[in-house]
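First the structure, in the form of C-alpha cells, and then the observations on it.
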Amino acid sequence: MTNFLKAGVAALAMGTALALPTLSPAFAKDIVNPADWASVQAAANGTTVHWHAWGGSPRINAYIDWAAQQVESEYGVKVVHVKVDDTANVVSQVVAEKAAGKDEGGAVDLIWINGENFASMKDQNLLLDTDGEATGGWAPQLPNWRYVDVAGKPTITTDFTIPTDGLESPWGMAKMVFFHDTALEKEVPGSAAELLQYAQSNPGRFTYPLPPDFIGSSFLKQILSEVVADPAVLQAAVVEEDFETIVEPLWTYLDALHDVAWQSGRNFPKSYPAMRQLLADGEVDIAFAFNPADASAAIAAGELPDTVRSFVFDEGTLGNTHFVAIPYNASAPAGALVLANFLISPEAQKHKQDPDVWGDPTVLDINAVSQEQKAAFDALDLGIATLAPDELGPMLPEPHASWMSRIEVEWTRRYGAGN
C-alpha cells in the first residue's frame, strides 16, 4: 500500500477528511486494508452487509442467521441474507452495475460462490482486490486465516482448477456422497457404470436435480469424470472444436439412464431438497449431496428415516471447497471482511460442522486451533449416517469451470423443457 493511502486509512479511522485521487475501481478499495485489522473493524461497525447466498435449505439458512446474529453482536455489523437460487444471477447483477458505471455502492457485499462463477468474476475483474493488484489478495490477511488448512486441503487455493489468489475465502469443504435406505436391502452401486446398471434393474427409482441446480450439475461432472476417455483433459479449459467428441460418452450414458429414470427422464426434481424428499417419500432409492453429513443432519431433523446410510463410489467422488467473495464495488467491504473472517473462526466452523446445525466439514486444520477448541471439534457426534474421513474414499478433482458452463447449455438443449 502506498504511503499516501496508508495516510488515507489513518485519516478515515480518525474521522478526518482527506482528498483521494481518482483510482480504478478495484484499487480504490485499497483503503480497506485487512493488514490493519483494527481499522477494518472500526470501518465495519454500523454497516450493513448484504450477503447473497443460496437460500434453498432451512438448516443452512438457520446457520446464516446464527452467524449474522454473532457478527452483529460482536462487531456491530448487520448482515442481511439475500436468498438466491442461482449464483449466476448475482454475477449478472454485478456485471450490469459495472456496465452502468456503478463502481461503488453496489447492491452485493458478499457472495457464497462456486468455481464456475468465481472464474467468471475473476476473469471480468469483478472481485475486490485490496492490494490493487494480484499480490496475495485479502483472504490470507484475515486474522483467522492462521487456522485454515491450506497445506492439507489444496482446493482452498485452487477452485475448479482456477487459482484463488486470495480473492475468495473458504468457509466449508464438500465431497459428493450418495445415500440410500438400508431398509430396502439393495446392494448399492460402486461406480457410474454400476449406477446405470442399478437404474436399469430398478426402473423409475433414480433421478437427479434439474441442471443448473448445483447438485444436479455436479452429478453431470461426476459421470463425465468417470466416462471420459482421458480425465486429464477436464483440467484445462474447453477447446470448442474438441467438445462434442470428448463429452459424447456423457450423452450416451444419460440417454440410457433417462430411459429408466424416475418419470422416464421427462421430469427432474427442481432442486436438491426436492430430490431428497423423493427419497424420504420412497419414490427413489438413492439421493446424493455435496456434504458428507447431510444424511445424518436430515435424519436428526426428521427429514429422512433413520435407516438411511451414506456411501461413495470405489474410485472416488468429486470434492471441493466452497467460498465467499466480495465484489469490487461492494457498499460495505469492511463489514464483508469482518463477516468472512468470522466464518473461518473456530467457533463458527465448529458450530457449522455440528450435524444438528448443518454438518458442513471444516476448512480448518484442527491441530492449529487451541486444545480447548480441538476438544470441542473432537466431541462432535457427526451422526449415524456420516462416513468417517477414512471412509470417504479418493477425491476426484473438479473439472475446469468452463466445462460446467458448456455442459449445462448442451444439457438444456438436449434434455430441457419441451425436448
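Ordered as shown in the C-alpha cells, chains take letters A, B, and onward, while each chain numbers its residues from 1 and ligands are numbered from 1 in the order shown.
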Run DSSP on the backbone and tell me which residues of range 202-415 of chain A come out as strand (DSSP E); list them as a PyMOL selection string. chain A and resi 286-289+308-311+317-325+395-396
For range 254-372 of chain A against range 38-46 of chain A, with a cut-off of 10 Å and counting only C-alpha atoms, what is the closest atom pair and its distance in Å to one decimal for every residue that makes the cut, ordered by chain and number, as a Markdown table?
| residue | atom | partner | partner_atom | distance |
| --- | --- | --- | --- | --- |
| A:Ala332 | CA | A:Ala44 | CA | 7.3 |
| A:Pro333 | CA | A:Ala44 | CA | 7.9 |
| A:Ala334 | CA | A:Ala44 | CA | 4.8 |
| A:Gly335 | CA | A:Ala44 | CA | 4.3 |
| A:Ala336 | CA | A:Ala44 | CA | 8.0 |
| A:Leu337 | CA | A:Val40 | CA | 7.8 |
| A:Val338 | CA | A:Gln41 | CA | 6.8 |
| A:Leu339 | CA | A:Ala44 | CA | 9.5 |
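Summary of the local environment: counting only C-alpha atoms, residues at most 12 Å from Ala96 in chain A, other than itself and those fewer than 5 positions away along its chain, are Asn89, Val90, Val91, Gly101, Lys102, Asp103, Gly106, Ala107, Val108, Gln124, Leu126 and Asn329 of chain A.
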Given the selection you just returned, output its residues as a file containing all heavy atoms, formatted as a PDB file, in the first residue's frame.
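As a result, part_23.pdb now contains:
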ATOM      1  N   ASN A  89     -27.037 -15.429 -11.330  1.00  0.00           N
ATOM      2  CA  ASN A  89     -27.850 -14.211 -11.389  1.00  0.00           C
ATOM      3  C   ASN A  89     -27.209 -13.074 -10.599  1.00  0.00           C
ATOM      4  O   ASN A  89     -27.334 -11.900 -10.963  1.00  0.00           O
ATOM      5  CB  ASN A  89     -29.255 -14.484 -10.853  1.00  0.00           C
ATOM      6  CG  ASN A  89     -30.026 -15.459 -11.722  1.00  0.00           C
ATOM      7  OD1 ASN A  89     -29.791 -15.556 -12.916  1.00  0.00           O
ATOM      8  ND2 ASN A  89     -30.944 -16.198 -11.117  1.00  0.00           N
ATOM      9  N   VAL A  90     -26.510 -13.435  -9.515  1.00  0.00           N
ATOM     10  CA  VAL A  90     -25.808 -12.416  -8.721  1.00  0.00           C
ATOM     11  C   VAL A  90     -24.632 -11.863  -9.522  1.00  0.00           C
ATOM     12  O   VAL A  90     -24.380 -10.654  -9.536  1.00  0.00           O
ATOM     13  CB  VAL A  90     -25.328 -13.007  -7.384  1.00  0.00           C
ATOM     14  CG1 VAL A  90     -24.704 -11.918  -6.522  1.00  0.00           C
ATOM     15  CG2 VAL A  90     -26.471 -13.687  -6.648  1.00  0.00           C
ATOM     16  N   VAL A  91     -23.915 -12.749 -10.194  1.00  0.00           N
ATOM     17  CA  VAL A  91     -22.807 -12.311 -11.040  1.00  0.00           C
ATOM     18  C   VAL A  91     -23.325 -11.365 -12.120  1.00  0.00           C
ATOM     19  O   VAL A  91     -22.733 -10.311 -12.382  1.00  0.00           O
ATOM     20  CB  VAL A  91     -22.093 -13.513 -11.679  1.00  0.00           C
ATOM     21  CG1 VAL A  91     -20.991 -13.043 -12.619  1.00  0.00           C
ATOM     22  CG2 VAL A  91     -21.518 -14.424 -10.607  1.00  0.00           C
ATOM     23  N   GLY A 101     -21.487   1.766 -14.889  1.00  0.00           N
ATOM     24  CA  GLY A 101     -20.552   2.666 -14.237  1.00  0.00           C
ATOM     25  C   GLY A 101     -20.726   2.768 -12.738  1.00  0.00           C
ATOM     26  O   GLY A 101     -20.189   3.688 -12.108  1.00  0.00           O
ATOM     27  N   LYS A 102     -21.428   1.813 -12.130  1.00  0.00           N
ATOM     28  CA  LYS A 102     -21.642   1.844 -10.681  1.00  0.00           C
ATOM     29  C   LYS A 102     -20.470   1.131 -10.010  1.00  0.00           C
ATOM     30  O   LYS A 102     -20.555  -0.028  -9.614  1.00  0.00           O
ATOM     31  CB  LYS A 102     -22.970   1.169 -10.323  1.00  0.00           C
ATOM     32  CG  LYS A 102     -23.428   1.413  -8.888  1.00  0.00           C
ATOM     33  CD  LYS A 102     -24.793   0.781  -8.654  1.00  0.00           C
ATOM     34  CE  LYS A 102     -25.310   1.048  -7.244  1.00  0.00           C
ATOM     35  NZ  LYS A 102     -25.505   2.480  -6.952  1.00  0.00           N
ATOM     36  N   ASP A 103     -19.361   1.859  -9.881  1.00  0.00           N
ATOM     37  CA  ASP A 103     -18.132   1.269  -9.369  1.00  0.00           C
ATOM     38  C   ASP A 103     -17.995   1.371  -7.854  1.00  0.00           C
ATOM     39  O   ASP A 103     -16.953   1.000  -7.289  1.00  0.00           O
ATOM     40  CB  ASP A 103     -16.917   1.927 -10.040  1.00  0.00           C
ATOM     41  CG  ASP A 103     -16.841   1.589 -11.532  1.00  0.00           C
ATOM     42  OD1 ASP A 103     -17.256   0.476 -11.898  1.00  0.00           O
ATOM     43  OD2 ASP A 103     -16.380   2.435 -12.305  1.00  0.00           O
ATOM     44  N   GLY A 106     -22.356  -0.789  -4.653  1.00  0.00           N
ATOM     45  CA  GLY A 106     -23.061  -1.909  -5.271  1.00  0.00           C
ATOM     46  C   GLY A 106     -24.030  -2.584  -4.319  1.00  0.00           C
ATOM     47  O   GLY A 106     -23.926  -2.457  -3.096  1.00  0.00           O
ATOM     48  N   ALA A 107     -24.968  -3.318  -4.885  1.00  0.00           N
ATOM     49  CA  ALA A 107     -26.012  -3.968  -4.087  1.00  0.00           C
ATOM     50  C   ALA A 107     -25.528  -5.243  -3.414  1.00  0.00           C
ATOM     51  O   ALA A 107     -26.173  -5.736  -2.490  1.00  0.00           O
ATOM     52  CB  ALA A 107     -27.222  -4.277  -4.961  1.00  0.00           C
ATOM     53  N   VAL A 108     -24.404  -5.781  -3.854  1.00  0.00           N
ATOM     54  CA  VAL A 108     -23.914  -7.066  -3.350  1.00  0.00           C
ATOM     55  C   VAL A 108     -22.624  -6.827  -2.573  1.00  0.00           C
ATOM     56  O   VAL A 108     -21.655  -6.280  -3.111  1.00  0.00           O
ATOM     57  CB  VAL A 108     -23.650  -8.046  -4.510  1.00  0.00           C
ATOM     58  CG1 VAL A 108     -23.199  -9.397  -3.967  1.00  0.00           C
ATOM     59  CG2 VAL A 108     -24.873  -8.197  -5.398  1.00  0.00           C
ATOM     60  N   GLN A 124     -13.465 -11.216 -15.264  1.00  0.00           N
ATOM     61  CA  GLN A 124     -14.012  -9.897 -15.607  1.00  0.00           C
ATOM     62  C   GLN A 124     -13.598  -8.808 -14.614  1.00  0.00           C
ATOM     63  O   GLN A 124     -14.126  -7.695 -14.669  1.00  0.00           O
ATOM     64  CB  GLN A 124     -15.534  -9.977 -15.673  1.00  0.00           C
ATOM     65  CG  GLN A 124     -16.054 -10.920 -16.751  1.00  0.00           C
ATOM     66  CD  GLN A 124     -17.565 -11.005 -16.738  1.00  0.00           C
ATOM     67  OE1 GLN A 124     -18.256 -10.097 -17.219  1.00  0.00           O
ATOM     68  NE2 GLN A 124     -18.101 -12.089 -16.200  1.00  0.00           N
ATOM     69  N   LEU A 126     -14.184  -8.476 -11.440  1.00  0.00           N
ATOM     70  CA  LEU A 126     -15.330  -8.061 -10.644  1.00  0.00           C
ATOM     71  C   LEU A 126     -15.146  -8.316  -9.154  1.00  0.00           C
ATOM     72  O   LEU A 126     -16.077  -8.117  -8.377  1.00  0.00           O
ATOM     73  CB  LEU A 126     -16.586  -8.802 -11.127  1.00  0.00           C
ATOM     74  CG  LEU A 126     -17.023  -8.539 -12.564  1.00  0.00           C
ATOM     75  CD1 LEU A 126     -18.219  -9.420 -12.926  1.00  0.00           C
ATOM     76  CD2 LEU A 126     -17.363  -7.068 -12.779  1.00  0.00           C
ATOM     77  N   ASN A 329     -17.173  -3.595  -6.166  1.00  0.00           N
ATOM     78  CA  ASN A 329     -17.908  -2.360  -5.888  1.00  0.00           C
ATOM     79  C   ASN A 329     -18.818  -2.483  -4.672  1.00  0.00           C
ATOM     80  O   ASN A 329     -19.811  -1.766  -4.556  1.00  0.00           O
ATOM     81  CB  ASN A 329     -18.726  -1.940  -7.101  1.00  0.00           C
ATOM     82  CG  ASN A 329     -19.817  -2.950  -7.461  1.00  0.00           C
ATOM     83  OD1 ASN A 329     -19.766  -4.098  -7.025  1.00  0.00           O
ATOM     84  ND2 ASN A 329     -20.803  -2.529  -8.245  1.00  0.00           N
TER      85      ASN A 329
END
Excluding Gln277 in chain A and its own-chain neighbours fewer than 4 positions away, which residues fall within 8 Å of it when counting only C-alpha atoms? Please give them as a list in words.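 That gives Pro273, Asp281 and Glu303 of chain A.
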Do you know which residues are at most 8 Å from Pro34 in chain A counting only C-alpha atoms, after dropping those on the same chain fewer than 3 positions away, and could you put them as a PyMOL selection string? chain A and resi 37+40+130+138+141-142+337
Judged by only C-alpha atoms, the minimum distance to Pro203 in chain A among A:Asn144, A:Gly265, A:Trp171, A:Asp149 is found for A:Gly265
So how many Å separate CA of Asp354 in chain A and CA of Asp381 in chain A, to one decimal?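 Straight-line distance from CA of Asp354 in chain A to CA of Asp381 in chain A works out to 7.4 Å.
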From A:Lys98, A:Ala237, A:Thr47, A:Ile326, residue lying nearest Val71 in chain A [only C-alpha atoms]: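 Counting only C-alpha atoms, the residue closest to Val71 in chain A is A:Thr47.
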Work out how far CA of Pro355 in chain A is from CA of Gln373 in chain A, in Å to one decimal.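 Interatomic distance, CA of Gln373 in chain A to CA of Pro355 in chain A: 17.2 Å.
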Could you give me, as a PyMOL selection string, each residue of range 149-321 of chain A that DSSP assigns to alpha helix (DSSP H) when run on this structure's backbone? chain A and resi 192-201+214-227+240-260+272-280+294-300
In terms of the shortest atom-to-atom distance over only C-alpha atoms, which of A:Ser201, A:Thr362, A:Gln235, A:Ser57 is closest to Ile162 in chain A? A:Gln235
Which neighbours of Lys221 in chain A fall inside 8 Å, counting only C-alpha atoms, when residues of the same chain fewer than 2 positions from it are skipped, and could you give them as a PDB file with N, CA and C atoms, in the first residue's frame?
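File produced: out-v5.pdb:
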ATOM      1  N   SER A 217     -25.926 -30.347 -11.554  1.00  0.00           N
ATOM      2  CA  SER A 217     -24.775 -30.130 -12.428  1.00  0.00           C
ATOM      3  C   SER A 217     -23.556 -30.899 -11.927  1.00  0.00           C
ATOM      4  N   SER A 218     -23.409 -31.001 -10.618  1.00  0.00           N
ATOM      5  CA  SER A 218     -22.287 -31.765 -10.062  1.00  0.00           C
ATOM      6  C   SER A 218     -22.398 -33.247 -10.416  1.00  0.00           C
ATOM      7  N   PHE A 219     -23.624 -33.754 -10.448  1.00  0.00           N
ATOM      8  CA  PHE A 219     -23.816 -35.143 -10.867  1.00  0.00           C
ATOM      9  C   PHE A 219     -23.309 -35.339 -12.297  1.00  0.00           C
ATOM     10  N   ILE A 223     -20.294 -38.010 -13.447  1.00  0.00           N
ATOM     11  CA  ILE A 223     -20.412 -39.007 -14.505  1.00  0.00           C
ATOM     12  C   ILE A 223     -19.392 -38.734 -15.606  1.00  0.00           C
ATOM     13  N   LEU A 224     -19.262 -37.482 -16.016  1.00  0.00           N
ATOM     14  CA  LEU A 224     -18.295 -37.137 -17.056  1.00  0.00           C
ATOM     15  C   LEU A 224     -16.883 -37.545 -16.644  1.00  0.00           C
ATOM     16  N   SER A 225     -16.530 -37.292 -15.378  1.00  0.00           N
ATOM     17  CA  SER A 225     -15.188 -37.632 -14.905  1.00  0.00           C
ATOM     18  C   SER A 225     -14.915 -39.127 -14.986  1.00  0.00           C
ATOM     19  N   GLU A 398     -12.229 -31.393  -9.425  1.00  0.00           N
ATOM     20  CA  GLU A 398     -13.264 -30.708 -10.198  1.00  0.00           C
ATOM     21  C   GLU A 398     -12.727 -30.365 -11.592  1.00  0.00           C
ATOM     22  N   PRO A 399     -13.535 -30.507 -12.622  1.00  0.00           N
ATOM     23  CA  PRO A 399     -13.127 -30.028 -13.946  1.00  0.00           C
ATOM     24  C   PRO A 399     -12.984 -28.510 -13.965  1.00  0.00           C
ATOM     25  N   MET A 404     -18.369 -26.968 -17.026  1.00  0.00           N
ATOM     26  CA  MET A 404     -19.720 -26.955 -16.482  1.00  0.00           C
ATOM     27  C   MET A 404     -20.603 -25.984 -17.246  1.00  0.00           C
TER      28      MET A 404
END
Could the residues of range 309-414 of chain A that have an atom at most 9 Å from range 299-302 of chain A be listed as CSV, each with its closest atom pair and the distance in Å to one decimal, counting only C-alpha atoms and ordered by chain and ascending residue number?
residue,atom,partner,partner_atom,distance
A:Pro355,CA,A:Ala300,CA,7.7
A:Asp356,CA,A:Ala300,CA,6.3
A:Gly383,CA,A:Ala300,CA,8.1
A:Ile384,CA,A:Ile299,CA,8.7
A:Ala385,CA,A:Ile299,CA,8.3
Å distance separating CA of Ala280 in chain A from CA of Val308 in chain A, one decimal place: 9.3 Å
Skip Asn202 in chain A itself and residues of its chain fewer than 2 positions away, then list as an MDAnalysis selection string all residues within 10 Å of it, counting only C-alpha atoms. chainID A and resid 196:200 204:206 260:262 284:285
For the residues selected in the previous step, produce a file with N, CA, C and O atoms as an mmCIF file, in the first residue's frame.
data_model
loop_
_atom_site.group_PDB
_atom_site.id
_atom_site.type_symbol
_atom_site.label_atom_id
_atom_site.label_comp_id
_atom_site.auth_asym_id
_atom_site.auth_seq_id
_atom_site.Cartn_x
_atom_site.Cartn_y
_atom_site.Cartn_z
ATOM 1 N N LEU A 196 -25.707 -47.023 -13.460
ATOM 2 C CA LEU A 196 -26.570 -47.220 -14.620
ATOM 3 C C LEU A 196 -27.187 -48.620 -14.600
ATOM 4 O O LEU A 196 -28.382 -48.784 -14.865
ATOM 5 N N GLN A 197 -26.385 -49.614 -14.258
ATOM 6 C CA GLN A 197 -26.900 -50.982 -14.159
ATOM 7 C C GLN A 197 -27.980 -51.061 -13.082
ATOM 8 O O GLN A 197 -29.009 -51.733 -13.260
ATOM 9 N N TYR A 198 -27.754 -50.390 -11.962
ATOM 10 C CA TYR A 198 -28.738 -50.361 -10.871
ATOM 11 C C TYR A 198 -30.052 -49.749 -11.368
ATOM 12 O O TYR A 198 -31.141 -50.284 -11.119
ATOM 13 N N ALA A 199 -29.934 -48.617 -12.076
ATOM 14 C CA ALA A 199 -31.137 -47.943 -12.567
ATOM 15 C C ALA A 199 -31.893 -48.827 -13.567
ATOM 16 O O ALA A 199 -33.130 -48.858 -13.574
ATOM 17 N N GLN A 200 -31.155 -49.547 -14.380
ATOM 18 C CA GLN A 200 -31.803 -50.434 -15.352
ATOM 19 C C GLN A 200 -32.474 -51.620 -14.675
ATOM 20 O O GLN A 200 -33.505 -52.107 -15.150
ATOM 21 N N GLY A 204 -37.247 -46.420 -12.758
ATOM 22 C CA GLY A 204 -38.035 -45.398 -12.083
ATOM 23 C C GLY A 204 -37.563 -45.046 -10.696
ATOM 24 O O GLY A 204 -38.170 -44.204 -10.033
ATOM 25 N N ARG A 205 -36.432 -45.642 -10.258
ATOM 26 C CA ARG A 205 -36.008 -45.484 -8.867
ATOM 27 C C ARG A 205 -34.772 -44.592 -8.697
ATOM 28 O O ARG A 205 -34.158 -44.560 -7.641
ATOM 29 N N PHE A 206 -34.395 -43.874 -9.743
ATOM 30 C CA PHE A 206 -33.255 -42.951 -9.622
ATOM 31 C C PHE A 206 -33.535 -41.702 -10.438
ATOM 32 O O PHE A 206 -34.162 -41.742 -11.496
ATOM 33 N N VAL A 260 -34.653 -45.133 -18.047
ATOM 34 C CA VAL A 260 -35.095 -45.932 -16.900
ATOM 35 C C VAL A 260 -35.189 -45.097 -15.624
ATOM 36 O O VAL A 260 -35.359 -45.637 -14.532
ATOM 37 N N ALA A 261 -35.058 -43.770 -15.749
ATOM 38 C CA ALA A 261 -35.060 -42.895 -14.583
ATOM 39 C C ALA A 261 -36.476 -42.631 -14.080
ATOM 40 O O ALA A 261 -37.473 -43.025 -14.701
ATOM 41 N N TRP A 262 -36.563 -41.966 -12.952
ATOM 42 C CA TRP A 262 -37.839 -41.508 -12.391
ATOM 43 C C TRP A 262 -38.586 -40.714 -13.460
ATOM 44 O O TRP A 262 -38.015 -39.851 -14.138
ATOM 45 N N VAL A 284 -37.762 -42.798 -4.804
ATOM 46 C CA VAL A 284 -36.483 -43.199 -5.390
ATOM 47 C C VAL A 284 -35.673 -43.931 -4.324
ATOM 48 O O VAL A 284 -35.954 -43.825 -3.117
ATOM 49 N N ASP A 285 -34.646 -44.639 -4.764
ATOM 50 C CA ASP A 285 -33.831 -45.428 -3.841
ATOM 51 C C ASP A 285 -32.581 -44.702 -3.372
ATOM 52 O O ASP A 285 -32.030 -45.027 -2.313
#
